[in-house]
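Following: one structure in structure tokens, then a few remarks.
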Amino acid sequence: MKRIILILCCMTTCFWCAAQELPKWVNKARKAVFSVITYDGNDKILNTGNGFFIDETGTAVSDYSLFKGAERAVIVTTDGKEYPVKYIMGANDIYDVVKFKVETDKKPVFLTAAPQPAAQGTTVYLLPYSTQKSVSGLNGRVTKVDFIGNDSFYYTINMQTNDKTVSCPLMNQNGEVLGLIQKNVTEDSKESFAIGIGYAKSLSIGALSGTDFTLNSIGIRKGLPDKESDALVYLYMASSRLDREEYISLLNEFIALYPNNPEGYMRRATAQATFHDDVHNQLAEDDLQTMLKIAEPKEEVHSNIAKFLYTYLIGIGEQKPYKDWTYERAINEIDEAISLSPAPIYYQTKGDIYFAMQKYPEALAAYDFVNKSPLASANSFYAAMRTKELMGTEDKTELIALMDSAIARFNPPYGQDAAPYIYERARIKSEAGQHREAVFDYNLFDEAMLGQVPADFYITREQEELQCKMYKQALDDVNKAVEKEPNNSDYWMEKGSVHLRINQTNEAVKALEKAIALNDKNAAAYRMLGYCQIMQKKESEGTANLRKAKELGDTVADELLQKYQKK
């Protein structure tokens, strides 16, 4: 590190040795300027450049090009101290500027933004990074001021600069910063350019910045949006994009900024619990208790804790839970919420917990409460149906009626959100022997899914169609299944079965031979092929295939052998 600082010092001295003295304010202002060193993923130096602080909390600005592709960065102050870049606060690749937070051990000296833009013809000064107490710099005049929106300006100055001055601050006579020097197109240009400080300060992270290409090209962690509501959206988006450690760091920052927002504690507790060890589980418990202390209304907090415990217990399955993270505690939490506010949404959670405990009468009572309320939904009716089904209810009409109520929550033509409920109603109708009605629902499901269904769906519908003697539809469906999965031996066997049922023996033989070619251990295919061949008066071939089926364990083949061998 000392070698790097020495090189930076030498380069700075060489460039400014013939430059002019700056005004007296420079003695303090120079301490706000620093050197930036960025590193790649292999921790090798990627770039070096300049930057400066713009507030006492460690907010700083520099050029985006310096940070592009960087995985970490540090700054080196004029007194040789090194500090890490904590996170990125905004970036723009068009104007080549980035804003970031530096983790310092004390309040840094910073440059105050000029309240007004510099007018054309105004004398301005370039303040360099320097480790020397006596600082020399350049001055020039503003030749052009362009307004670029949002109270931001772009300056053209009759001043010759080079690559070593990029992102050095451009100052006015009062020692206020006007902007950042930008890289020239050619080294020998007599003009220089600067992006106004207002634009740099305005850079920010938005709620949807997680998909921003410019920001994502910087590997350093990103900060949070300035607005609390935007920060919550950003957290949600980041949860699926960041790894667990990075996400928890982001949650730590959110909690530090918004210590009274219970959402931060809830999300952090959830993240901690994914470690599945006692240390992190205790951290999660601490967050739950903090949330309970600070948050209002209390019923919502108790409900969130109940849902947290329910999700945790579902996730660990049969494993022993941590301390008192049990279903019993989850029920106590949701009951506490209900005692404070008997809202239907809390009864839905209570029903889900009892369902997981296999306490079906209690679960059904909770779901019935929801279904008699304005909060009744497709999911609550479906939950009640499944509960009744698991309780052993034999009245299928009651189950179908609950699914009718679930589907009634959607408007036809049905979309994919209604499709799972339609499929379940079809299943129940099939079990009730209402095969034509089941076929009708399977057709509705197919339409709702816009035909984007798996091969096994066609086999399921084909089975119902056969029950209704809808042979053409059944054959169409089994052909669709074979088309979707041409290497599935069972589907070819099913195709052969359908052809056999409608007395298309030749087509059945071809399908069954294909099934055996794909799986020579398919006993049922050998048995059906043997039967077809006997029907074609090919007794020797047919009995040979029946024997093969018998060898593979097919008991029906043995019965057929006894029958046809006697003949």
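Within each chain, counting starts at residue 1; across the structure tokens, chains are named A, B, ... in the order shown, with ligands numbered 1 upward in that order.
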- Message: as a list of chain:residue names, please: the residues near Asn92 of chain A (cut-off 8 Å, only C-alpha atoms, same-chain neighbours under 2 positions excluded).
- Response: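 Once the nearby chain positions are removed, what remains is A:Tyr64, A:Gly90, A:Ile94, A:Tyr95, A:Asp96, A:Val97, A:Val98, A:Leu203, A:Thr214.
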- Message: With only C-alpha atoms as the counted atoms, please give the residues lying no more than 10 Å from Glu336 of chain A, apart from itself and same-chain residues fewer than 6 positions off, as a ChimeraX atom specification.
- Response: /A:298-303,306,330,342,346
Export of the given selection (all heavy atoms) as a PDB file, in the first residue's frame:
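Listing of part_14.pdb after writing:
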```pdb
ATOM      1  N   LYS A 298     -50.005  -4.679  17.612  1.00  0.00           N
ATOM      2  CA  LYS A 298     -49.407  -5.904  18.153  1.00  0.00           C
ATOM      3  C   LYS A 298     -49.998  -7.165  17.523  1.00  0.00           C
ATOM      4  O   LYS A 298     -49.301  -8.167  17.378  1.00  0.00           O
ATOM      5  CB  LYS A 298     -49.608  -5.960  19.671  1.00  0.00           C
ATOM      6  CG  LYS A 298     -48.875  -4.879  20.439  1.00  0.00           C
ATOM      7  CD  LYS A 298     -47.364  -4.947  20.218  1.00  0.00           C
ATOM      8  CE  LYS A 298     -46.651  -3.877  21.036  1.00  0.00           C
ATOM      9  NZ  LYS A 298     -45.211  -3.791  20.715  1.00  0.00           N
ATOM     10  N   GLU A 299     -51.275  -7.105  17.135  1.00  0.00           N
ATOM     11  CA  GLU A 299     -51.879  -8.300  16.549  1.00  0.00           C
ATOM     12  C   GLU A 299     -51.174  -8.702  15.245  1.00  0.00           C
ATOM     13  O   GLU A 299     -51.018  -9.884  14.946  1.00  0.00           O
ATOM     14  CB  GLU A 299     -53.381  -8.111  16.300  1.00  0.00           C
ATOM     15  CG  GLU A 299     -53.745  -6.933  15.426  1.00  0.00           C
ATOM     16  CD  GLU A 299     -54.065  -5.687  16.230  1.00  0.00           C
ATOM     17  OE1 GLU A 299     -53.491  -5.534  17.332  1.00  0.00           O
ATOM     18  OE2 GLU A 299     -54.883  -4.879  15.754  1.00  0.00           O
ATOM     19  N   GLU A 300     -50.743  -7.714  14.496  1.00  0.00           N
ATOM     20  CA  GLU A 300     -50.044  -8.004  13.242  1.00  0.00           C
ATOM     21  C   GLU A 300     -48.688  -8.650  13.514  1.00  0.00           C
ATOM     22  O   GLU A 300     -48.256  -9.551  12.787  1.00  0.00           O
ATOM     23  CB  GLU A 300     -49.874  -6.719  12.427  1.00  0.00           C
ATOM     24  CG  GLU A 300     -49.359  -6.953  11.030  1.00  0.00           C
ATOM     25  CD  GLU A 300     -49.405  -5.707  10.178  1.00  0.00           C
ATOM     26  OE1 GLU A 300     -50.265  -4.830  10.424  1.00  0.00           O
ATOM     27  OE2 GLU A 300     -48.577  -5.592   9.255  1.00  0.00           O
ATOM     28  N   VAL A 301     -48.032  -8.195  14.581  1.00  0.00           N
ATOM     29  CA  VAL A 301     -46.736  -8.768  14.941  1.00  0.00           C
ATOM     30  C   VAL A 301     -46.909 -10.225  15.362  1.00  0.00           C
ATOM     31  O   VAL A 301     -46.163 -11.104  14.918  1.00  0.00           O
ATOM     32  CB  VAL A 301     -46.079  -7.971  16.075  1.00  0.00           C
ATOM     33  CG1 VAL A 301     -44.698  -8.551  16.397  1.00  0.00           C
ATOM     34  CG2 VAL A 301     -45.941  -6.508  15.690  1.00  0.00           C
ATOM     35  N   HIS A 302     -47.899 -10.482  16.214  1.00  0.00           N
ATOM     36  CA  HIS A 302     -48.140 -11.869  16.646  1.00  0.00           C
ATOM     37  C   HIS A 302     -48.471 -12.760  15.446  1.00  0.00           C
ATOM     38  O   HIS A 302     -48.027 -13.910  15.373  1.00  0.00           O
ATOM     39  CB  HIS A 302     -49.279 -11.909  17.662  1.00  0.00           C
ATOM     40  CG  HIS A 302     -48.892 -11.406  19.023  1.00  0.00           C
ATOM     41  ND1 HIS A 302     -47.979 -12.068  19.826  1.00  0.00           N
ATOM     42  CD2 HIS A 302     -49.287 -10.298  19.717  1.00  0.00           C
ATOM     43  CE1 HIS A 302     -47.840 -11.399  20.963  1.00  0.00           C
ATOM     44  NE2 HIS A 302     -48.619 -10.322  20.928  1.00  0.00           N
ATOM     45  N   SER A 303     -49.230 -12.221  14.500  1.00  0.00           N
ATOM     46  CA  SER A 303     -49.567 -12.988  13.302  1.00  0.00           C
ATOM     47  C   SER A 303     -48.322 -13.294  12.478  1.00  0.00           C
ATOM     48  O   SER A 303     -48.146 -14.422  11.994  1.00  0.00           O
ATOM     49  CB  SER A 303     -50.575 -12.208  12.442  1.00  0.00           C
ATOM     50  OG  SER A 303     -50.773 -12.844  11.202  1.00  0.00           O
ATOM     51  N   ALA A 306     -46.360 -16.013  14.114  1.00  0.00           N
ATOM     52  CA  ALA A 306     -47.021 -17.303  13.886  1.00  0.00           C
ATOM     53  C   ALA A 306     -46.701 -17.830  12.492  1.00  0.00           C
ATOM     54  O   ALA A 306     -46.389 -19.016  12.310  1.00  0.00           O
ATOM     55  CB  ALA A 306     -48.529 -17.156  14.064  1.00  0.00           C
ATOM     56  N   ALA A 330     -46.902 -21.427  17.721  1.00  0.00           N
ATOM     57  CA  ALA A 330     -47.497 -20.729  16.581  1.00  0.00           C
ATOM     58  C   ALA A 330     -48.991 -20.509  16.815  1.00  0.00           C
ATOM     59  O   ALA A 330     -49.527 -19.419  16.540  1.00  0.00           O
ATOM     60  CB  ALA A 330     -47.261 -21.522  15.296  1.00  0.00           C
ATOM     61  N   PRO A 342     -60.119 -10.046  15.853  1.00  0.00           N
ATOM     62  CA  PRO A 342     -60.558 -11.310  15.233  1.00  0.00           C
ATOM     63  C   PRO A 342     -60.722 -11.191  13.718  1.00  0.00           C
ATOM     64  O   PRO A 342     -61.794 -11.458  13.170  1.00  0.00           O
ATOM     65  CB  PRO A 342     -61.885 -11.586  15.930  1.00  0.00           C
ATOM     66  CG  PRO A 342     -62.414 -10.231  16.270  1.00  0.00           C
ATOM     67  CD  PRO A 342     -61.217  -9.388  16.593  1.00  0.00           C
ATOM     68  N   TYR A 346     -56.352 -13.756  10.109  1.00  0.00           N
ATOM     69  CA  TYR A 346     -55.685 -14.478  11.186  1.00  0.00           C
ATOM     70  C   TYR A 346     -56.253 -15.895  11.322  1.00  0.00           C
ATOM     71  O   TYR A 346     -55.526 -16.832  11.641  1.00  0.00           O
ATOM     72  CB  TYR A 346     -55.819 -13.718  12.501  1.00  0.00           C
ATOM     73  CG  TYR A 346     -55.217 -12.320  12.474  1.00  0.00           C
ATOM     74  CD1 TYR A 346     -55.740 -11.289  13.248  1.00  0.00           C
ATOM     75  CD2 TYR A 346     -54.122 -12.036  11.656  1.00  0.00           C
ATOM     76  CE1 TYR A 346     -55.196 -10.012  13.224  1.00  0.00           C
ATOM     77  CE2 TYR A 346     -53.581 -10.752  11.617  1.00  0.00           C
ATOM     78  CZ  TYR A 346     -54.117  -9.750  12.394  1.00  0.00           C
ATOM     79  OH  TYR A 346     -53.573  -8.490  12.361  1.00  0.00           O
TER      80      TYR A 346
END
```
- Message: Given only C-alpha atoms as the basis, pick out the residue of A:Pro344, A:Pro374, A:Pro262, A:Gly206 nearest to Met291 of chain A.
- Response: A:Pro262
- Item | Shell around Arg221 of chain A at 9 Å using only C-alpha atoms, local window under 3 positions removed, as a VMD selection string | chain A and resid 71 to 72 86 to 88 218 246 250
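Picture a line from atom CA of Asp477 of chain A to atom CA of Ala515 of chain A; it runs 17.1 Å.
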- Query: Using the chain letters and numbers from this document, which residues of segment 88-260 of chain A does DSSP assign to strand (DSSP E), as number ranges by chain?
  - Reply: A: 88-92, 97-102, 123-126, 136-149, 152-157, 169-171, 177-181, 192-196
- Message: Please report the interatomic distance between atom CA of Gln289 of chain A and atom CA of Met266 of chain A in Å with one decimal.
- Response: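 The value is 10.1 Å.
The shell of residues at most 8 Å from Thr161 of chain A, with only C-alpha atoms counted and near chain neighbours (fewer than 6 positions) removed, consists of A:Asn184, A:Glu187, A:Ser189, A:Lys190, A:Glu191, A:Ser192.
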Filtering to N, CA and C atoms, could you give me those residues as a PDB file, in the first residue's frame?
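So the final result, stored in result.pdb, reads:
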```pdb
ATOM      1  N   ASN A 184     -11.006  13.784 -21.212  1.00  0.00           N
ATOM      2  CA  ASN A 184     -11.043  14.415 -22.528  1.00  0.00           C
ATOM      3  C   ASN A 184     -11.016  13.374 -23.634  1.00  0.00           C
ATOM      4  N   GLU A 187      -5.817  13.830 -25.646  1.00  0.00           N
ATOM      5  CA  GLU A 187      -4.927  14.318 -24.580  1.00  0.00           C
ATOM      6  C   GLU A 187      -4.482  15.762 -24.787  1.00  0.00           C
ATOM      7  N   SER A 189      -6.190  18.223 -26.067  1.00  0.00           N
ATOM      8  CA  SER A 189      -7.291  19.167 -26.178  1.00  0.00           C
ATOM      9  C   SER A 189      -7.066  20.358 -25.243  1.00  0.00           C
ATOM     10  N   LYS A 190      -7.352  21.543 -25.730  1.00  0.00           N
ATOM     11  CA  LYS A 190      -7.219  22.758 -24.916  1.00  0.00           C
ATOM     12  C   LYS A 190      -8.459  23.028 -24.087  1.00  0.00           C
ATOM     13  N   GLU A 191      -9.499  22.250 -24.309  1.00  0.00           N
ATOM     14  CA  GLU A 191     -10.733  22.399 -23.555  1.00  0.00           C
ATOM     15  C   GLU A 191     -10.911  21.207 -22.611  1.00  0.00           C
ATOM     16  N   SER A 192     -11.589  21.459 -21.523  1.00  0.00           N
ATOM     17  CA  SER A 192     -11.944  20.392 -20.582  1.00  0.00           C
ATOM     18  C   SER A 192     -13.429  20.469 -20.292  1.00  0.00           C
TER      19      SER A 192
END
```
- Message: So that I can see what lies close to segment 490-494 of chain A, please list as number ranges by chain the residues with an atom at most 7 Å from it, counting only C-alpha atoms and leaving out residues fewer than 3 positions away in the same chain.
- Response: A: 481-482, 497-498, 511-512, 514-515, 525
Those residues you just picked out, can you put them in a file as a compact mmCIF listing (two decimals), in the first residue's frame with C-alpha atoms?
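Result file is result38.txt:
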```
# COMPACT_ATOMS: atom_id res chain seq x y z
CA ALA A 481 -48.95 -37.38 -25.11
CA VAL A 482 -46.77 -39.50 -27.44
CA SER A 497 -54.37 -50.04 -25.54
CA VAL A 498 -56.68 -47.40 -27.04
CA ALA A 511 -47.64 -48.90 -30.94
CA LEU A 512 -46.91 -51.85 -28.65
CA LYS A 514 -42.60 -49.27 -30.21
CA ALA A 515 -43.25 -49.48 -26.46
CA ALA A 525 -46.77 -54.22 -23.46
```
- Task: List the neighbours of segment 424-430 of chain A out to 10 Å using only C-alpha atoms; skip same-chain residues closer than 3 positions along the sequence, and give me the result as a PyMOL selection string.
- Result: chain A and resi 382+385-386+389+396-397+399-404+406-407+419-421+433-445+460-461+463-464+467
Using only C-alpha atoms, I'd like a table of the residues in segment 94-135 of chain A that come within 8 Å of segment 28-45 of chain A; for each, show the closest atom pair and its distance in Å rounded to one decimal, ordered by chain and ascending number, as a tab-separated table.
```
residue	atom	partner	partner_atom	distance
A:Pro108	CA	A:Ala32	CA	7.0
A:Val109	CA	A:Ala32	CA	5.0
A:Phe110	CA	A:Ala32	CA	4.8
A:Leu111	CA	A:Ala32	CA	6.3
A:Leu127	CA	A:Arg30	CA	6.9
A:Pro128	CA	A:Val33	CA	7.2
A:Tyr129	CA	A:Val33	CA	5.4
A:Ser130	CA	A:Arg30	CA	7.3
A:Val135	CA	A:Arg30	CA	7.9
```
Would you export the selected residues with all heavy atoms as an mmCIF file, in the first residue's frame, please?
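What ended up in selection_14.cif:
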```cif
data_model
loop_
_atom_site.group_PDB
_atom_site.id
_atom_site.type_symbol
_atom_site.label_atom_id
_atom_site.label_comp_id
_atom_site.auth_asym_id
_atom_site.auth_seq_id
_atom_site.Cartn_x
_atom_site.Cartn_y
_atom_site.Cartn_z
ATOM 1 N N PRO A 108 -15.404 13.123 7.722
ATOM 2 C CA PRO A 108 -14.390 13.626 6.798
ATOM 3 C C PRO A 108 -14.618 15.095 6.439
ATOM 4 O O PRO A 108 -15.734 15.612 6.568
ATOM 5 C CB PRO A 108 -14.591 12.741 5.566
ATOM 6 C CG PRO A 108 -16.054 12.427 5.587
ATOM 7 C CD PRO A 108 -16.419 12.306 7.031
ATOM 8 N N VAL A 109 -13.565 15.749 6.006
ATOM 9 C CA VAL A 109 -13.696 17.076 5.411
ATOM 10 C C VAL A 109 -14.394 16.886 4.069
ATOM 11 O O VAL A 109 -14.082 15.951 3.325
ATOM 12 C CB VAL A 109 -12.318 17.733 5.199
ATOM 13 C CG1 VAL A 109 -12.463 19.061 4.451
ATOM 14 C CG2 VAL A 109 -11.617 17.919 6.533
ATOM 15 N N PHE A 110 -15.359 17.741 3.756
ATOM 16 C CA PHE A 110 -16.090 17.580 2.498
ATOM 17 C C PHE A 110 -16.214 18.916 1.787
ATOM 18 O O PHE A 110 -16.046 19.983 2.391
ATOM 19 C CB PHE A 110 -17.475 16.970 2.745
ATOM 20 C CG PHE A 110 -18.406 17.859 3.537
ATOM 21 C CD1 PHE A 110 -19.311 18.703 2.908
ATOM 22 C CD2 PHE A 110 -18.386 17.849 4.932
ATOM 23 C CE1 PHE A 110 -20.166 19.516 3.635
ATOM 24 C CE2 PHE A 110 -19.240 18.648 5.676
ATOM 25 C CZ PHE A 110 -20.132 19.491 5.027
ATOM 26 N N LEU A 111 -16.519 18.846 0.504
ATOM 27 C CA LEU A 111 -16.681 20.054 -0.302
ATOM 28 C C LEU A 111 -18.154 20.423 -0.364
ATOM 29 O O LEU A 111 -19.005 19.577 -0.634
ATOM 30 C CB LEU A 111 -16.144 19.831 -1.712
ATOM 31 C CG LEU A 111 -14.657 19.466 -1.815
ATOM 32 C CD1 LEU A 111 -14.257 19.288 -3.273
ATOM 33 C CD2 LEU A 111 -13.787 20.525 -1.152
ATOM 34 N N LEU A 127 -9.000 21.487 -8.385
ATOM 35 C CA LEU A 127 -8.358 21.116 -7.132
ATOM 36 C C LEU A 127 -7.878 19.669 -7.224
ATOM 37 O O LEU A 127 -8.683 18.749 -7.292
ATOM 38 C CB LEU A 127 -9.349 21.257 -5.969
ATOM 39 C CG LEU A 127 -8.838 20.888 -4.573
ATOM 40 C CD1 LEU A 127 -7.675 21.788 -4.161
ATOM 41 C CD2 LEU A 127 -9.971 20.980 -3.551
ATOM 42 N N PRO A 128 -6.566 19.436 -7.242
ATOM 43 C CA PRO A 128 -6.054 18.080 -7.426
ATOM 44 C C PRO A 128 -5.947 17.305 -6.121
ATOM 45 O O PRO A 128 -6.030 17.862 -5.032
ATOM 46 C CB PRO A 128 -4.665 18.326 -8.000
ATOM 47 C CG PRO A 128 -4.226 19.578 -7.301
ATOM 48 C CD PRO A 128 -5.467 20.423 -7.166
ATOM 49 N N TYR A 129 -5.769 15.985 -6.259
ATOM 50 C CA TYR A 129 -5.396 15.166 -5.110
ATOM 51 C C TYR A 129 -3.911 15.373 -4.869
ATOM 52 O O TYR A 129 -3.097 15.293 -5.793
ATOM 53 C CB TYR A 129 -5.672 13.691 -5.401
ATOM 54 C CG TYR A 129 -5.045 12.750 -4.384
ATOM 55 C CD1 TYR A 129 -5.580 12.621 -3.108
ATOM 56 C CD2 TYR A 129 -3.906 12.019 -4.710
ATOM 57 C CE1 TYR A 129 -5.005 11.764 -2.189
ATOM 58 C CE2 TYR A 129 -3.328 11.146 -3.791
ATOM 59 C CZ TYR A 129 -3.878 11.029 -2.526
ATOM 60 O OH TYR A 129 -3.301 10.188 -1.619
ATOM 61 N N SER A 130 -3.539 15.667 -3.647
ATOM 62 C CA SER A 130 -2.128 15.888 -3.331
ATOM 63 C C SER A 130 -1.871 15.551 -1.874
ATOM 64 O O SER A 130 -2.690 15.857 -1.008
ATOM 65 C CB SER A 130 -1.723 17.330 -3.599
ATOM 66 O OG SER A 130 -0.382 17.555 -3.195
ATOM 67 N N VAL A 135 -0.332 23.088 -2.298
ATOM 68 C CA VAL A 135 -0.998 22.510 -3.463
ATOM 69 C C VAL A 135 -1.048 23.521 -4.600
ATOM 70 O O VAL A 135 -1.421 24.677 -4.408
ATOM 71 C CB VAL A 135 -2.433 22.078 -3.105
ATOM 72 C CG1 VAL A 135 -3.110 21.446 -4.315
ATOM 73 C CG2 VAL A 135 -2.409 21.112 -1.948
#
```
Which residues of segment 276-312 of chain A come within 10 Å of segment 318-324 of chain A, and for each one, what is the closest pair of atoms and their distance in Å to one decimal, counting only C-alpha atoms, sorted by chain and residue number, as CSV?
```
residue,atom,partner,partner_atom,distance
A:His276,CA,A:Tyr322,CA,8.9
A:Asp277,CA,A:Tyr322,CA,8.5
A:Asp278,CA,A:Tyr322,CA,7.1
A:Asn281,CA,A:Tyr322,CA,7.3
A:Gln282,CA,A:Tyr322,CA,8.8
A:Leu309,CA,A:Asp324,CA,9.6
A:Tyr312,CA,A:Pro321,CA,8.7
```
Could you save those same residues with C-alpha atoms as a tab-separated table (two decimals), in the first residue's frame?
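For reference, selection05.tsv as written:
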```tsv
chain	number	residue	atom	x	y	z
A	276	HIS	CA	-30.51	-23.95	10.47
A	277	ASP	CA	-28.17	-23.66	13.44
A	278	ASP	CA	-28.71	-22.55	17.02
A	281	ASN	CA	-31.83	-19.20	15.19
A	282	GLN	CA	-31.18	-17.23	18.37
A	309	LEU	CA	-42.91	-20.38	12.91
A	312	TYR	CA	-39.96	-22.73	9.61
```
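Taking atom CA of Asp335 of chain A as the reference point, atom CA of Tyr236 of chain A is found at 28.4 Å.
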- Task: Pick out the residues sitting within 12 Å of Met535 of chain A, and hand them over as a list in words; count only C-alpha atoms, and ignore anything fewer than 5 positions along from it in its own chain.
- Result: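 Near Met535 of chain A, the qualifying residues are Leu500, Asn503, Gln504, Thr505, Asn506, Ala508, Val509, Met528, Leu529, Gly530, Ser540, Glu541, Gly542, Thr543 and Tyr564 of chain A.
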Export, as an mmCIF file, in the first residue's frame, the selected residues with C-alpha atoms.
```cif
data_model
loop_
_atom_site.group_PDB
_atom_site.id
_atom_site.type_symbol
_atom_site.label_atom_id
_atom_site.label_comp_id
_atom_site.auth_asym_id
_atom_site.auth_seq_id
_atom_site.Cartn_x
_atom_site.Cartn_y
_atom_site.Cartn_z
ATOM 1 C CA LEU A 500 -56.962 -52.261 -29.234
ATOM 2 C CA ASN A 503 -60.442 -52.803 -32.668
ATOM 3 C CA GLN A 504 -57.606 -51.154 -34.611
ATOM 4 C CA THR A 505 -55.345 -54.164 -34.200
ATOM 5 C CA ASN A 506 -52.659 -53.256 -36.720
ATOM 6 C CA ALA A 508 -52.145 -51.367 -31.733
ATOM 7 C CA VAL A 509 -49.367 -53.782 -32.742
ATOM 8 C CA MET A 528 -51.111 -56.754 -25.000
ATOM 9 C CA LEU A 529 -48.927 -57.389 -28.062
ATOM 10 C CA GLY A 530 -49.318 -61.126 -27.594
ATOM 11 C CA SER A 540 -47.057 -68.785 -32.123
ATOM 12 C CA GLU A 541 -45.848 -65.179 -32.016
ATOM 13 C CA GLY A 542 -48.658 -64.219 -29.692
ATOM 14 C CA THR A 543 -48.054 -67.001 -27.174
ATOM 15 C CA TYR A 564 -55.545 -69.762 -25.589
#
```
- Based on DSSP run over this structure's backbone, return all residues of segment 52-208 of chain A in helix (DSSP H, G or I), as a ChimeraX atom specification. /A:64-67,163-165,197-202
Residues of the last selection are to be written out with all heavy atoms, as a compact mmCIF listing (two decimals), in the first residue's frame.
```
# COMPACT_ATOMS: atom_id res chain seq x y z
N TYR A 64 -17.54 6.76 -13.02
CA TYR A 64 -18.07 5.41 -13.13
C TYR A 64 -17.05 4.46 -13.77
O TYR A 64 -16.95 3.29 -13.36
CB TYR A 64 -19.37 5.45 -13.95
CG TYR A 64 -19.79 4.12 -14.51
CD1 TYR A 64 -20.34 3.14 -13.70
CD2 TYR A 64 -19.63 3.83 -15.87
CE1 TYR A 64 -20.73 1.92 -14.21
CE2 TYR A 64 -20.02 2.61 -16.39
CZ TYR A 64 -20.56 1.66 -15.57
OH TYR A 64 -20.93 0.45 -16.08
N SER A 65 -16.30 4.93 -14.76
CA SER A 65 -15.32 4.08 -15.45
C SER A 65 -14.32 3.46 -14.48
O SER A 65 -13.86 2.33 -14.67
CB SER A 65 -14.56 4.88 -16.51
OG SER A 65 -15.45 5.38 -17.47
N LEU A 66 -14.00 4.18 -13.44
CA LEU A 66 -13.06 3.71 -12.44
C LEU A 66 -13.60 2.48 -11.69
O LEU A 66 -12.84 1.59 -11.30
CB LEU A 66 -12.79 4.85 -11.45
CG LEU A 66 -11.75 4.68 -10.36
CD1 LEU A 66 -10.38 4.43 -10.96
CD2 LEU A 66 -11.71 5.92 -9.48
N PHE A 67 -14.92 2.42 -11.53
CA PHE A 67 -15.55 1.37 -10.73
C PHE A 67 -16.11 0.22 -11.56
O PHE A 67 -16.43 -0.83 -11.01
CB PHE A 67 -16.68 1.97 -9.89
CG PHE A 67 -16.22 2.72 -8.69
CD1 PHE A 67 -15.68 4.00 -8.81
CD2 PHE A 67 -16.30 2.16 -7.42
CE1 PHE A 67 -15.25 4.69 -7.69
CE2 PHE A 67 -15.87 2.85 -6.30
CZ PHE A 67 -15.33 4.12 -6.43
N ASP A 163 -5.55 12.56 -18.04
CA ASP A 163 -6.22 11.44 -17.36
C ASP A 163 -6.06 11.47 -15.85
O ASP A 163 -6.90 10.92 -15.12
CB ASP A 163 -5.68 10.10 -17.89
CG ASP A 163 -6.15 9.82 -19.30
OD1 ASP A 163 -7.02 10.57 -19.80
OD2 ASP A 163 -5.63 8.87 -19.92
N LYS A 164 -4.98 12.10 -15.36
CA LYS A 164 -4.73 12.12 -13.92
C LYS A 164 -5.63 13.09 -13.17
O LYS A 164 -5.64 13.11 -11.94
CB LYS A 164 -3.25 12.46 -13.65
CG LYS A 164 -2.27 11.48 -14.26
CD LYS A 164 -2.48 10.09 -13.70
CE LYS A 164 -1.47 9.09 -14.26
NZ LYS A 164 -1.73 8.78 -15.67
N THR A 165 -6.37 13.90 -13.92
CA THR A 165 -7.25 14.88 -13.27
C THR A 165 -8.72 14.48 -13.31
O THR A 165 -9.56 15.19 -12.79
CB THR A 165 -7.11 16.26 -13.95
OG1 THR A 165 -7.57 16.15 -15.31
CG2 THR A 165 -5.67 16.74 -13.93
N ILE A 197 -21.98 19.21 -10.11
CA ILE A 197 -22.09 18.50 -8.84
C ILE A 197 -23.54 18.16 -8.50
O ILE A 197 -23.82 17.15 -7.85
CB ILE A 197 -21.44 19.33 -7.69
CG1 ILE A 197 -21.31 18.47 -6.43
CG2 ILE A 197 -22.22 20.61 -7.44
CD1 ILE A 197 -20.42 17.27 -6.59
N GLY A 198 -24.47 18.98 -8.98
CA GLY A 198 -25.89 18.71 -8.71
C GLY A 198 -26.32 17.38 -9.30
O GLY A 198 -27.10 16.65 -8.69
N TYR A 199 -25.80 17.08 -10.49
CA TYR A 199 -26.15 15.80 -11.11
C TYR A 199 -25.56 14.64 -10.32
O TYR A 199 -26.23 13.63 -10.08
CB TYR A 199 -25.65 15.77 -12.55
CG TYR A 199 -26.10 14.55 -13.30
CD1 TYR A 199 -27.34 14.52 -13.93
CD2 TYR A 199 -25.31 13.40 -13.37
CE1 TYR A 199 -27.78 13.39 -14.60
CE2 TYR A 199 -25.74 12.27 -14.03
CZ TYR A 199 -26.97 12.27 -14.65
OH TYR A 199 -27.40 11.14 -15.31
N ALA A 200 -24.31 14.79 -9.92
CA ALA A 200 -23.65 13.73 -9.16
C ALA A 200 -24.36 13.48 -7.83
O ALA A 200 -24.55 12.33 -7.42
CB ALA A 200 -22.20 14.09 -8.91
N LYS A 201 -24.76 14.57 -7.16
CA LYS A 201 -25.45 14.42 -5.88
C LYS A 201 -26.83 13.77 -6.03
O LYS A 201 -27.31 13.10 -5.13
CB LYS A 201 -25.61 15.78 -5.20
CG LYS A 201 -24.30 16.38 -4.68
CD LYS A 201 -24.54 17.71 -3.98
CE LYS A 201 -25.32 17.53 -2.69
NZ LYS A 201 -25.46 18.80 -1.94
N SER A 202 -27.46 13.98 -7.20
CA SER A 202 -28.81 13.46 -7.41
C SER A 202 -28.85 11.97 -7.70
O SER A 202 -29.93 11.36 -7.70
CB SER A 202 -29.48 14.21 -8.57
OG SER A 202 -28.89 13.84 -9.82
```
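Residue nearest Arg409 of chain A, chosen from A:Met171, A:Ser380, A:Lys99, A:Lys293 and counting only C-alpha atoms: A:Ser380.
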